[in-house]
>>> print(open('target-v5.pdb').read())   # PDB, C-alpha atoms and all ligand atoms
ATOM      1  CA  MET O   1     -38.364-127.028  -1.921  1.00  0.00           C
ATOM      2  CA  GLU O   2     -35.512-124.605  -1.542  1.00  0.00           C
ATOM      3  CA  THR O   3     -33.229-125.459   1.347  1.00  0.00           C
ATOM      4  CA  GLN O   4     -30.120-124.023   2.909  1.00  0.00           C
ATOM      5  CA  ASN O   5     -27.453-125.960   4.757  1.00  0.00           C
ATOM      6  CA  CYS O   6     -26.296-125.223   8.274  1.00  0.00           C
ATOM      7  CA  SER O   7     -22.967-123.357   8.225  1.00  0.00           C
ATOM      8  CA  ASN O   8     -21.510-126.371  10.083  1.00  0.00           C
ATOM      9  CA  TYR O   9     -23.072-128.796   7.601  1.00  0.00           C
ATOM     10  CA  ILE O  10     -19.878-130.843   7.223  1.00  0.00           C
ATOM     11  CA  PHE O  11     -20.189-131.684  10.915  1.00  0.00           C
ATOM     12  CA  CYS O  12     -23.941-131.843  11.586  1.00  0.00           C
ATOM     13  CA  LYS O  13     -25.323-132.704   8.110  1.00  0.00           C
ATOM     14  CA  ASN O  14     -28.397-130.625   8.895  1.00  0.00           C
ATOM     15  CA  GLU O  15     -30.373-128.572   6.446  1.00  0.00           C
ATOM     16  CA  LEU O  16     -32.085-125.568   7.946  1.00  0.00           C
ATOM     17  CA  SER O  17     -35.765-126.069   8.483  1.00  0.00           C
ATOM     18  CA  PHE O  18     -37.664-122.989   7.535  1.00  0.00           C
ATOM     19  CA  GLU O  19     -40.213-123.164  10.294  1.00  0.00           C
ATOM     20  CA  HIS O  20     -37.739-122.833  13.148  1.00  0.00           C
ATOM     21  CA  GLU O  21     -34.544-121.633  11.615  1.00  0.00           C
ATOM     22  CA  TYR O  22     -35.462-119.242   8.856  1.00  0.00           C
ATOM     23  CA  GLY O  23     -32.964-116.424   8.535  1.00  0.00           C
ATOM     24  CA  LYS O  24     -30.377-118.147  10.730  1.00  0.00           C
ATOM     25  CA  HIS O  25     -27.108-119.680   9.587  1.00  0.00           C
ATOM     26  CA  MET O  26     -26.913-122.548  12.018  1.00  0.00           C
ATOM     27  CA  CYS O  27     -29.308-125.391  12.743  1.00  0.00           C
ATOM     28  CA  ILE O  28     -30.840-125.712  16.199  1.00  0.00           C
ATOM     29  CA  ASP O  29     -28.385-128.486  17.144  1.00  0.00           C
ATOM     30  CA  CYS O  30     -25.419-126.254  16.336  1.00  0.00           C
ATOM     31  CA  GLU O  31     -27.034-123.186  17.864  1.00  0.00           C
ATOM     32  CA  LEU O  32     -27.242-125.087  21.169  1.00  0.00           C
ATOM     33  CA  ILE O  33     -23.512-125.853  21.023  1.00  0.00           C
ATOM     34  CA  PHE O  34     -21.886-122.881  19.286  1.00  0.00           C
ATOM     35  CA  GLY O  35     -24.480-120.141  19.821  1.00  0.00           C
ATOM     36  CA  LYS O  36     -22.962-116.747  20.686  1.00  0.00           C
ATOM     37  CA  TRP O  37     -25.729-116.312  23.271  1.00  0.00           C
ATOM     38  CA  LYS O  38     -24.140-119.300  25.052  1.00  0.00           C
ATOM     39  CA  GLY O  39     -20.664-117.742  24.914  1.00  0.00           C
ATOM     40  CA  GLY O  40     -19.791-119.849  21.879  1.00  0.00           C
ATOM     41  CA  ARG O  41     -17.913-118.776  18.784  1.00  0.00           C
ATOM     42  CA  GLY O  42     -20.802-118.996  16.339  1.00  0.00           C
ATOM     43  CA  LYS O  43     -19.533-120.917  13.336  1.00  0.00           C
ATOM     44  CA  ALA O  44     -17.241-123.860  14.117  1.00  0.00           C
ATOM     45  CA  VAL O  45     -13.694-124.153  12.771  1.00  0.00           C
ATOM     46  CA  ILE O  46     -13.076-127.494  11.048  1.00  0.00           C
ATOM     47  CA  LYS O  47      -9.521-128.691  10.276  1.00  0.00           C
ATOM     48  CA  ASP O  48      -8.168-131.896   8.795  1.00  0.00           C
ATOM     49  CA  ASN O  49      -5.013-133.716  10.014  1.00  0.00           C
ATOM     50  CA  THR O  50      -5.357-132.285  13.471  1.00  0.00           C
ATOM     51  CA  ASN O  51      -4.621-133.798  16.869  1.00  0.00           C
ATOM     52  CA  CYS O  52      -7.800-134.601  18.759  1.00  0.00           C
ATOM     53  CA  THR O  53      -7.309-133.388  22.346  1.00  0.00           C
ATOM     54  CA  ILE O  54      -9.491-136.239  23.619  1.00  0.00           C
ATOM     55  CA  CYS O  55      -8.455-139.453  21.822  1.00  0.00           C
ATOM     56  CA  LEU O  56      -5.097-137.988  20.653  1.00  0.00           C
ATOM     57  CA  LYS O  57      -5.505-139.367  17.134  1.00  0.00           C
ATOM     58  CA  ILE O  58      -4.794-137.226  14.079  1.00  0.00           C
ATOM     59  CA  LYS O  59      -8.121-136.779  12.346  1.00  0.00           C
ATOM     60  CA  LEU O  60     -10.605-134.363  10.891  1.00  0.00           C
ATOM     61  CA  CYS O  61     -11.331-132.148  13.889  1.00  0.00           C
ATOM     62  CA  ILE O  62     -13.781-129.476  14.980  1.00  0.00           C
ATOM     63  CA  SER O  63     -13.055-126.597  17.349  1.00  0.00           C
ATOM     64  CA  GLN O  64     -14.518-126.625  20.841  1.00  0.00           C
ATOM     65  CA  PRO O  65     -17.319-124.039  21.153  1.00  0.00           C
ATOM     66  CA  LYS O  66     -15.484-121.586  23.429  1.00  0.00           C
ATOM     67  CA  CYS O  67     -11.739-122.047  22.904  1.00  0.00           C
ATOM     68  CA  ASP O  68      -9.225-122.988  20.234  1.00  0.00           C
ATOM     69  CA  HIS O  69      -8.764-126.631  21.175  1.00  0.00           C
ATOM     70  CA  PHE O  70      -9.844-129.276  18.690  1.00  0.00           C
ATOM     71  CA  ALA O  71     -11.566-132.619  18.994  1.00  0.00           C
ATOM     72  CA  CYS O  72     -12.397-135.184  16.330  1.00  0.00           C
ATOM     73  CA  PHE O  73     -16.037-135.477  15.286  1.00  0.00           C
ATOM     74  CA  GLU O  74     -16.563-138.740  17.188  1.00  0.00           C
ATOM     75  CA  CYS O  75     -15.192-137.434  20.495  1.00  0.00           C
ATOM     76  CA  PHE O  76     -16.897-134.095  20.052  1.00  0.00           C
ATOM     77  CA  ARG O  77     -20.261-135.749  19.455  1.00  0.00           C
ATOM     78  CA  LEU O  78     -19.804-138.006  22.421  1.00  0.00           C
ATOM     79  CA  CYS O  79     -19.156-134.974  24.662  1.00  0.00           C
ATOM     80  CA  GLN O  80     -21.874-132.772  23.212  1.00  0.00           C
ATOM     81  CA  TYR O  81     -24.644-135.284  22.664  1.00  0.00           C
ATOM     82  CA  GLY O  82     -23.470-137.942  25.124  1.00  0.00           C
ATOM     83  CA  ASP O  83     -26.968-139.055  25.884  1.00  0.00           C
ATOM     84  CA  ASP O  84     -28.559-138.660  22.487  1.00  0.00           C
ATOM     85  CA  THR O  85     -30.571-141.822  22.936  1.00  0.00           C
ATOM     86  CA  TYR O  86     -32.088-140.266  26.059  1.00  0.00           C
ATOM     87  CA  ASP O  87     -35.597-141.619  26.616  1.00  0.00           C
ATOM     88  CA  ILE O  88     -35.946-142.367  22.909  1.00  0.00           C
ATOM     89  CA  GLU O  89     -38.387-145.183  23.634  1.00  0.00           C
ATOM     90  CA  ASN O  90     -40.799-142.632  25.114  1.00  0.00           C
ATOM     91  CA  LYS O  91     -40.571-140.163  22.274  1.00  0.00           C
ATOM     92  CA  PRO O  92     -44.164-139.611  21.111  1.00  0.00           C
ATOM     93  CA  LYS O  93     -44.980-141.143  17.741  1.00  0.00           C
ATOM     94  CA  PHE O  94     -46.888-139.252  15.084  1.00  0.00           C
ATOM     95  CA  PRO O  95     -50.472-140.564  15.396  1.00  0.00           C
ATOM     96  CA  TYR O  96     -51.148-141.015  11.659  1.00  0.00           C
ATOM     97  CA  ASP O  97     -49.330-142.837   8.889  1.00  0.00           C
ATOM     98  CA  LYS O  98     -46.019-141.751   7.362  1.00  0.00           C
ATOM     99  CA  ASP O  99     -47.574-140.083   4.301  1.00  0.00           C
ATOM    100  CA  ILE O 100     -49.676-137.799   6.447  1.00  0.00           C
ATOM    101  CA  GLU O 101     -46.735-137.067   8.710  1.00  0.00           C
ATOM    102  CA  LYS O 102     -44.622-136.095   5.688  1.00  0.00           C
ATOM    103  CA  GLN O 103     -47.374-133.899   4.239  1.00  0.00           C
ATOM    104  CA  TYR O 104     -47.881-132.184   7.585  1.00  0.00           C
ATOM    105  CA  TYR O 105     -44.216-131.303   8.009  1.00  0.00           C
ATOM    106  CA  ASP O 106     -43.781-130.380   4.334  1.00  0.00           C
ATOM    107  CA  VAL O 107     -46.577-127.837   4.600  1.00  0.00           C
ATOM    108  CA  LEU O 108     -45.265-126.433   7.871  1.00  0.00           C
ATOM    109  CA  GLU O 109     -41.789-126.086   6.420  1.00  0.00           C
ATOM    110  CA  THR O 110     -42.812-124.186   3.316  1.00  0.00           C
ATOM    111  CA  PRO O 111     -40.281-121.360   2.911  1.00  0.00           C
ATOM    112  CA  ASP O 112     -41.265-117.821   3.900  1.00  0.00           C
ATOM    113  CA  LEU O 113     -44.216-118.782   6.075  1.00  0.00           C
ATOM    114  CA  GLU O 114     -45.177-116.163   8.619  1.00  0.00           C
ATOM    115  CA  ILE O 115     -45.775-117.254  12.202  1.00  0.00           C
ATOM    116  CA  ASP O 116     -49.497-116.478  11.799  1.00  0.00           C
ATOM    117  CA  ALA O 117     -49.732-118.685   8.730  1.00  0.00           C
ATOM    118  CA  ILE O 118     -47.997-121.520  10.582  1.00  0.00           C
ATOM    119  CA  GLU O 119     -50.484-121.211  13.422  1.00  0.00           C
ATOM    120  CA  GLU O 120     -53.342-121.274  10.948  1.00  0.00           C
ATOM    121  CA  ILE O 121     -52.062-124.372   9.157  1.00  0.00           C
ATOM    122  CA  ARG O 122     -51.531-126.052  12.496  1.00  0.00           C
ATOM    123  CA  SER O 123     -55.062-125.449  13.621  1.00  0.00           C
ATOM    124  CA  GLU O 124     -56.497-126.593  10.253  1.00  0.00           C
ATOM    125  CA  TRP O 125     -54.583-129.835  10.526  1.00  0.00           C
ATOM    126  CA  GLU O 126     -55.591-130.280  14.134  1.00  0.00           C
ATOM    127  CA  THR O 127     -59.236-129.968  13.112  1.00  0.00           C
ATOM    128  CA  LYS O 128     -58.846-132.452  10.278  1.00  0.00           C
ATOM    129  CA  TYR O 129     -56.639-134.847  12.258  1.00  0.00           C
ATOM    130  CA  PRO O 130     -57.617-134.348  15.894  1.00  0.00           C
ATOM    131  CA  LEU O 131     -54.874-136.569  17.328  1.00  0.00           C
ATOM    132  CA  ILE O 132     -52.183-134.180  16.102  1.00  0.00           C
ATOM    133  CA  LYS O 133     -52.979-131.661  18.818  1.00  0.00           C
ATOM    134  CA  GLN O 134     -52.321-134.138  21.611  1.00  0.00           C
ATOM    135  CA  TYR O 135     -49.224-135.329  19.776  1.00  0.00           C
ATOM    136  CA  ASN O 136     -47.824-131.792  19.559  1.00  0.00           C
ATOM    137  CA  ILE O 137     -48.383-131.236  23.277  1.00  0.00           C
ATOM    138  CA  LYS O 138     -46.753-134.564  24.215  1.00  0.00           C
ATOM    139  CA  ASN O 139     -43.899-134.037  21.804  1.00  0.00           C
ATOM    140  CA  ASN O 140     -43.163-130.547  23.150  1.00  0.00           C
ATOM    141  CA  GLU O 141     -43.110-131.911  26.694  1.00  0.00           C
ATOM    142  CA  TRP O 142     -40.714-134.615  25.604  1.00  0.00           C
ATOM    143  CA  GLU O 143     -38.437-132.111  23.844  1.00  0.00           C
ATOM    144  CA  ASP O 144     -38.449-129.853  26.917  1.00  0.00           C
ATOM    145  CA  LYS O 145     -37.470-132.729  29.177  1.00  0.00           C
ATOM    146  CA  LYS O 146     -34.685-133.703  26.842  1.00  0.00           C
ATOM    147  CA  PHE O 147     -33.483-130.102  26.717  1.00  0.00           C
ATOM    148  CA  GLU O 148     -33.453-129.840  30.532  1.00  0.00           C
ATOM    149  CA  LYS O 149     -31.478-133.050  30.751  1.00  0.00           C
ATOM    150  CA  SER O 150     -28.956-131.660  28.287  1.00  0.00           C
ATOM    151  CA  LEU O 151     -28.505-128.608  30.552  1.00  0.00           C
ATOM    152  CA  ASP O 152     -27.754-130.985  33.454  1.00  0.00           C
ATOM    153  CA  ASP O 153     -25.064-132.594  31.350  1.00  0.00           C
ATOM    154  CA  GLU O 154     -23.360-129.292  30.642  1.00  0.00           C
ATOM    155  CA  ASN O 155     -20.096-130.208  32.439  1.00  0.00           C
ATOM    156  CA  LEU O 156     -19.500-133.019  29.978  1.00  0.00           C
ATOM    157  CA  GLN O 157     -19.534-130.470  27.212  1.00  0.00           C
ATOM    158  CA  LEU O 158     -16.549-128.462  28.465  1.00  0.00           C
ATOM    159  CA  CYS O 159     -13.200-128.645  26.712  1.00  0.00           C
ATOM    160  CA  ILE O 160     -11.084-131.235  28.556  1.00  0.00           C
ATOM    161  CA  VAL O 161      -7.904-129.230  28.024  1.00  0.00           C
ATOM    162  CA  CYS O 162      -8.837-125.820  29.346  1.00  0.00           C
ATOM    163  CA  GLY O 163     -12.242-126.410  30.946  1.00  0.00           C
ATOM    164  CA  GLN O 164     -13.996-123.688  28.926  1.00  0.00           C
TER     165      GLN O 164
HETATM  166 ZN    ZN W   1     -25.677-127.550  12.221  1.00  0.00          ZN
HETATM  167 ZN    ZN W   2     -11.012-137.946  19.208  1.00  0.00          ZN
HETATM  168 ZN    ZN W   3      -9.982-125.590  25.376  1.00  0.00          ZN
END
>>> encode(input="target-v5.pdb", output="structure tokens")
Amino acid sequence: METQNCSNYIFCKNELSFEHEYGKHMCIDCELIFGKWKGGRGKAVIKDNTNCTICLKIKLCISQPKCDHFACFECFRLCQYGDDTYDIENKPKFPYDKDIEKQYYDVLETPDLEIDAIEEIRSEWETKYPLIKQYNIKNNEWEDKKFEKSLDDENLQLCIVCGQ
């Protein structure tokens, strides 16, 4: 399958998934941090041998989303995804075995799928494997809750030097 890396790949190690991110340059994780719609700069600036403004060590650093201050990857992650383990024990599990899960996501992530086609595939799979429907509903609820929590944590994500 043809894939494309996020423009911040060196930081996030994410490939773009075609279902959600087709035609974009950044993965969803990065979009939520650096997105221009959030007042961010878009693509991150990454510099080696730079003073981290948080731990003060000289390391490989990434720019804060809204200003020109830098933080090392570890500190930056801690600020941005502080609570990444949030409620992980309640994350819904795919109701069928790993092979089926892989097949399901491989089909959905076929490049160039139109939204209609995705909907069609989804409903075919939900007919064949009825538990998937419930799983998708539960999983979306879980993702929404996690997203809301991340909005609550927004103050942690500000640059500690200038507060932007
Ligand atoms: Zn990314
Ligand atoms: Zn640091
Ligand atoms: Zn700053």
>>> residues_near_point(input="target-v5.pdb", point="(-57.5, -135.9, 13.5)", cutoff="12 Å", atoms="only C-alpha atoms", output="CSV table (one decimal) with C-alpha atoms, in the frame of the given file")
chain,number,residue,atom,x,y,z
O,94,PHE,CA,-46.9,-139.3,15.1
O,95,PRO,CA,-50.5,-140.6,15.4
O,96,TYR,CA,-51.1,-141.0,11.7
O,97,ASP,CA,-49.3,-142.8,8.9
O,100,ILE,CA,-49.7,-137.8,6.4
O,101,GLU,CA,-46.7,-137.1,8.7
O,104,TYR,CA,-47.9,-132.2,7.6
O,122,ARG,CA,-51.5,-126.1,12.5
O,123,SER,CA,-55.1,-125.4,13.6
O,124,GLU,CA,-56.5,-126.6,10.3
O,125,TRP,CA,-54.6,-129.8,10.5
O,126,GLU,CA,-55.6,-130.3,14.1
O,127,THR,CA,-59.2,-130.0,13.1
O,128,LYS,CA,-58.8,-132.5,10.3
O,129,TYR,CA,-56.6,-134.8,12.3
O,130,PRO,CA,-57.6,-134.3,15.9
O,131,LEU,CA,-54.9,-136.6,17.3
O,132,ILE,CA,-52.2,-134.2,16.1
O,133,LYS,CA,-53.0,-131.7,18.8
O,134,GLN,CA,-52.3,-134.1,21.6
O,135,TYR,CA,-49.2,-135.3,19.8
>>> resolve_selection(input="target-v5.pdb", expression="the PyMOL selection byres (((chain O and resi 31) around 12) and not hetatm)", output="PDB file with C-alpha atoms, keeping the file's coordinate frame")
ATOM      1  CA  CYS O   6     -26.296-125.223   8.274  1.00  0.00           C
ATOM      2  CA  SER O   7     -22.967-123.357   8.225  1.00  0.00           C
ATOM      3  CA  ASN O   8     -21.510-126.371  10.083  1.00  0.00           C
ATOM      4  CA  CYS O  12     -23.941-131.843  11.586  1.00  0.00           C
ATOM      5  CA  ASN O  14     -28.397-130.625   8.895  1.00  0.00           C
ATOM      6  CA  LEU O  16     -32.085-125.568   7.946  1.00  0.00           C
ATOM      7  CA  HIS O  20     -37.739-122.833  13.148  1.00  0.00           C
ATOM      8  CA  GLU O  21     -34.544-121.633  11.615  1.00  0.00           C
ATOM      9  CA  LYS O  24     -30.377-118.147  10.730  1.00  0.00           C
ATOM     10  CA  HIS O  25     -27.108-119.680   9.587  1.00  0.00           C
ATOM     11  CA  MET O  26     -26.913-122.548  12.018  1.00  0.00           C
ATOM     12  CA  CYS O  27     -29.308-125.391  12.743  1.00  0.00           C
ATOM     13  CA  ILE O  28     -30.840-125.712  16.199  1.00  0.00           C
ATOM     14  CA  ASP O  29     -28.385-128.486  17.144  1.00  0.00           C
ATOM     15  CA  CYS O  30     -25.419-126.254  16.336  1.00  0.00           C
ATOM     16  CA  LEU O  32     -27.242-125.087  21.169  1.00  0.00           C
ATOM     17  CA  ILE O  33     -23.512-125.853  21.023  1.00  0.00           C
ATOM     18  CA  PHE O  34     -21.886-122.881  19.286  1.00  0.00           C
ATOM     19  CA  GLY O  35     -24.480-120.141  19.821  1.00  0.00           C
ATOM     20  CA  LYS O  36     -22.962-116.747  20.686  1.00  0.00           C
ATOM     21  CA  TRP O  37     -25.729-116.312  23.271  1.00  0.00           C
ATOM     22  CA  LYS O  38     -24.140-119.300  25.052  1.00  0.00           C
ATOM     23  CA  GLY O  39     -20.664-117.742  24.914  1.00  0.00           C
ATOM     24  CA  GLY O  40     -19.791-119.849  21.879  1.00  0.00           C
ATOM     25  CA  ARG O  41     -17.913-118.776  18.784  1.00  0.00           C
ATOM     26  CA  GLY O  42     -20.802-118.996  16.339  1.00  0.00           C
ATOM     27  CA  LYS O  43     -19.533-120.917  13.336  1.00  0.00           C
ATOM     28  CA  ALA O  44     -17.241-123.860  14.117  1.00  0.00           C
ATOM     29  CA  PRO O  65     -17.319-124.039  21.153  1.00  0.00           C
TER      30      PRO O  65
END
>>> resolve_selection(input="target-v5.pdb", expression="the PyMOL selection byres (((chain O and resi 70) around 9) and not hetatm)", output="JSON list (two decimals) with C-alpha atoms, in the coordinates of the input")
[["chain", "number", "residue", "atom", "x", "y", "z"],
["O", 45, "VAL", "CA", -13.69, -124.15, 12.77],
["O", 46, "ILE", "CA", -13.08, -127.49, 11.05],
["O", 47, "LYS", "CA", -9.52, -128.69, 10.28],
["O", 50, "THR", "CA", -5.36, -132.28, 13.47],
["O", 51, "ASN", "CA", -4.62, -133.80, 16.87],
["O", 52, "CYS", "CA", -7.80, -134.60, 18.76],
["O", 53, "THR", "CA", -7.31, -133.39, 22.35],
["O", 54, "ILE", "CA", -9.49, -136.24, 23.62],
["O", 61, "CYS", "CA", -11.33, -132.15, 13.89],
["O", 62, "ILE", "CA", -13.78, -129.48, 14.98],
["O", 63, "SER", "CA", -13.06, -126.60, 17.35],
["O", 64, "GLN", "CA", -14.52, -126.62, 20.84],
["O", 67, "CYS", "CA", -11.74, -122.05, 22.90],
["O", 68, "ASP", "CA", -9.22, -122.99, 20.23],
["O", 69, "HIS", "CA", -8.76, -126.63, 21.18],
["O", 71, "ALA", "CA", -11.57, -132.62, 18.99],
["O", 72, "CYS", "CA", -12.40, -135.18, 16.33],
["O", 76, "PHE", "CA", -16.90, -134.10, 20.05],
["O", 159, "CYS", "CA", -13.20, -128.65, 26.71]]
>>> closest_residue(input="target-v5.pdb", among="O:Asn136, O:Lys66, O:Lys145, O:Asp116", to="ligand ZN 3 (chain W)", atoms="only C-alpha atoms and all ligand atoms")
O:Lys66
>>> resolve_selection(input="target-v5.pdb", expression="the PyMOL selection byres (((chain O and resi 91) around 9) and not hetatm)", output="NGL selection string")
:O and (87-90 or 92-93 or 138-139 or 142-143)
>>> closest_residue(input="target-v5.pdb", among="O:Cys162, O:Ile121, O:Cys75, O:Ile10", to="O:Glu109", atoms="all atoms listed in the file")
O:Ile121
>>> atom_distance(input="target-v5.pdb", atom1="atom CA of O:Phe11", atom2="atom CA of O:Asp106")
24.5 Å
>>> closest_residue(input="target-v5.pdb", among="O:Asp152, O:Asp48, O:Glu114, O:Glu120", to="O:Gln80", atoms="only C-alpha atoms")
O:Asp152
>>> closest_residue(input="target-v5.pdb", among="O:Thr110, O:Gln157, O:Asn140, O:Thr3", to="O:Arg77", atoms="all atoms listed in the file")
O:Gln157
>>> closest_residue(input="target-v5.pdb", among="O:Glu74, O:Leu113, O:Gln4, O:Tyr86", to="O:Lys146", atoms="only C-alpha atoms")
O:Tyr86
>>> decode(input="target-v5.pdb", residues="stretch 79-123 of chain O", atoms="C-alpha atoms", output="short mmCIF file (atom, residue, chain, number, x, y, z; two decimals), in the first residue's frame")
data_model
loop_
_atom_site.label_atom_id
_atom_site.label_comp_id
_atom_site.auth_asym_id
_atom_site.auth_seq_id
_atom_site.Cartn_x
_atom_site.Cartn_y
_atom_site.Cartn_z
CA CYS O 79 3.38 18.85 27.79
CA GLN O 80 1.33 17.99 24.72
CA TYR O 81 0.24 14.46 25.53
CA GLY O 82 0.68 14.60 29.30
CA ASP O 83 -2.12 12.18 29.91
CA ASP O 84 -1.68 9.88 26.96
CA THR O 85 -2.50 6.85 29.06
CA TYR O 86 -5.85 8.47 29.86
CA ASP O 87 -8.48 5.79 30.49
CA ILE O 88 -6.53 3.32 28.35
CA GLU O 89 -7.95 0.40 30.32
CA ASN O 90 -11.44 1.36 29.12
CA LYS O 91 -10.52 1.74 25.48
CA PRO O 92 -12.89 -0.57 23.58
CA LYS O 93 -11.25 -3.66 22.13
CA PHE O 94 -11.92 -4.83 18.60
CA PRO O 95 -14.49 -7.64 19.01
CA TYR O 96 -12.88 -10.12 16.59
CA ASP O 97 -9.40 -11.57 16.27
CA LYS O 98 -6.33 -9.65 15.11
CA ASP O 99 -6.44 -10.94 11.52
CA ILE O 100 -9.96 -9.66 11.03
CA GLU O 101 -9.09 -6.37 12.68
CA LYS O 102 -6.12 -5.94 10.32
CA GLN O 103 -8.20 -6.82 7.25
CA TYR O 104 -10.92 -4.40 8.30
CA TYR O 105 -8.55 -1.47 8.71
CA ASP O 106 -6.54 -2.37 5.60
CA VAL O 107 -9.67 -2.23 3.48
CA LEU O 108 -10.83 1.03 5.05
CA GLU O 109 -7.44 2.60 4.48
CA THR O 110 -7.18 1.75 0.81
CA PRO O 111 -5.87 4.89 -0.92
CA ASP O 112 -8.28 7.09 -2.87
CA LEU O 113 -11.46 5.77 -1.27
CA GLU O 114 -14.39 8.13 -1.50
CA ILE O 115 -16.43 8.79 1.63
CA ASP O 116 -19.38 6.91 0.08
CA ALA O 117 -17.23 3.86 -0.58
CA ILE O 118 -15.97 3.92 3.01
CA GLU O 119 -19.54 4.03 4.28
CA GLU O 120 -20.44 1.12 2.04
CA ILE O 121 -17.50 -1.01 3.18
CA ARG O 122 -18.34 -0.19 6.77
CA SER O 123 -21.90 -1.33 6.44
#
